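I have placed the structure first, in the form of structure tokens, so that the comments after it can refer back to it.
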Amino acid sequence: MKNDTPQELNLDQEIGRLIDEVMSSSLSDEQYRKKMQRRKEVQDKRIAEAVPEKGLIIVNTGNGKGKTTAALGMVLRSLGHGYKVAIVQFIKGSWEPSEKRVFSSWEDQIEFHAMGEGFTWETQDRDRDLDKASAAWEKSLEYIRNPDFHLVLLDEINIALKMGYLPVEDVLAGLAEKPANKHVILTGRGAPPALIECADLVTEMTLVKHPFRDQGVKAQPGIEY
């Protein structure tokens, strides 16, 4: 994983300081303008020095809702740019998600494989869960290695790793085989530390309130599925 250089850290600190200062109501209009002008100069410098392109390993984890939803937003963007995308679902395969029906409009650009059989408490068969996870990973490797696919979404693979259905070492080795410009998204709570360390972009969704936990509201169409 990329480490920030001292220069980058200094720029981050300056940006943070400028943001704090412009939030002060005591600034005059001219002081505000100068602060924002400097803010733009710092940001433009960072953009000018950034590398133009790199295939990313992206992890969406945490106990909060929205991990898969955020990943599907990236899928939609990639489709809009004309890229080919593959989705492999490791856990939610027993559902028939509405997203699959929507994405059928891009059937020449997208491959969708729902290879799980539902949540682990539904299957109640560890050996079968292991077999399904292994098959989903083998299918995932096909797309990770295939240079024709710009983005691969491995939905709920983090849960398979957390449950011990897949060795994290195998997943890290597979990710190392991806072409340089390919993006891979791995979703699900409980992402292991080794995967987080390997990733380029990690987002942790924090649970604050949830209608099922707090109010007993079931999953609803258009919100959960």
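In the structure tokens, chains take the letters A, B, ... in the order shown, each chain's residues start at 1, and ligands count up from 1 in the order shown.
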
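For Glu142 of chain A, the set of protein, DNA and RNA residues having any atom at most 12 Å away, when counting only C-alpha atoms and skipping those fewer than 4 positions along the same chain, is A:Ala86, A:Ile87, A:Val88, A:Glu111, A:Ala135, A:Ala136, A:Trp137, A:Glu138, A:Asn146, A:Pro147, A:Asp148, A:Phe149, A:Val152, A:Gly174, A:Leu175, A:Glu177, A:Lys178.
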
When DSSP works through the backbone of this structure, what residues of segment 26-115 of chain A end up as strand (DSSP E), shown as JSON, numbers by chain?
{"A": [57, 58, 59, 60, 61, 85, 86, 87, 88, 89, 110, 111, 112, 113, 114]}

Hey, what's within 9 Å of Ile57 of chain A if we count only C-alpha atoms and toss same-chain stuff fewer than 5 positions away? As a list in words, please?
Leu175, Lys182, His183, Val184, Ile185, Leu186, Cys198, Ala199, Asp200, Leu201 and Val202 of chain A

Where does DSSP see alpha helix (DSSP H) in segment 15-168 of chain A, if you list the residues as an MDAnalysis selection string?
chainID A and resid 15:22 29:49 67:80 98:103 120:123 126:145 157:162 168

For Lys45 of chain A, the closest of A:Leu11, A:Leu18, A:Gly82, A:Ala71 counting only C-alpha atoms is A:Leu11

List the neighbours of Arg77 of chain A out to 12 Å using only C-alpha atoms; skip same-chain residues closer than 6 positions along the sequence, and give me the result as a ChimeraX atom specification.
/A:70-71,83-85,103,150-151
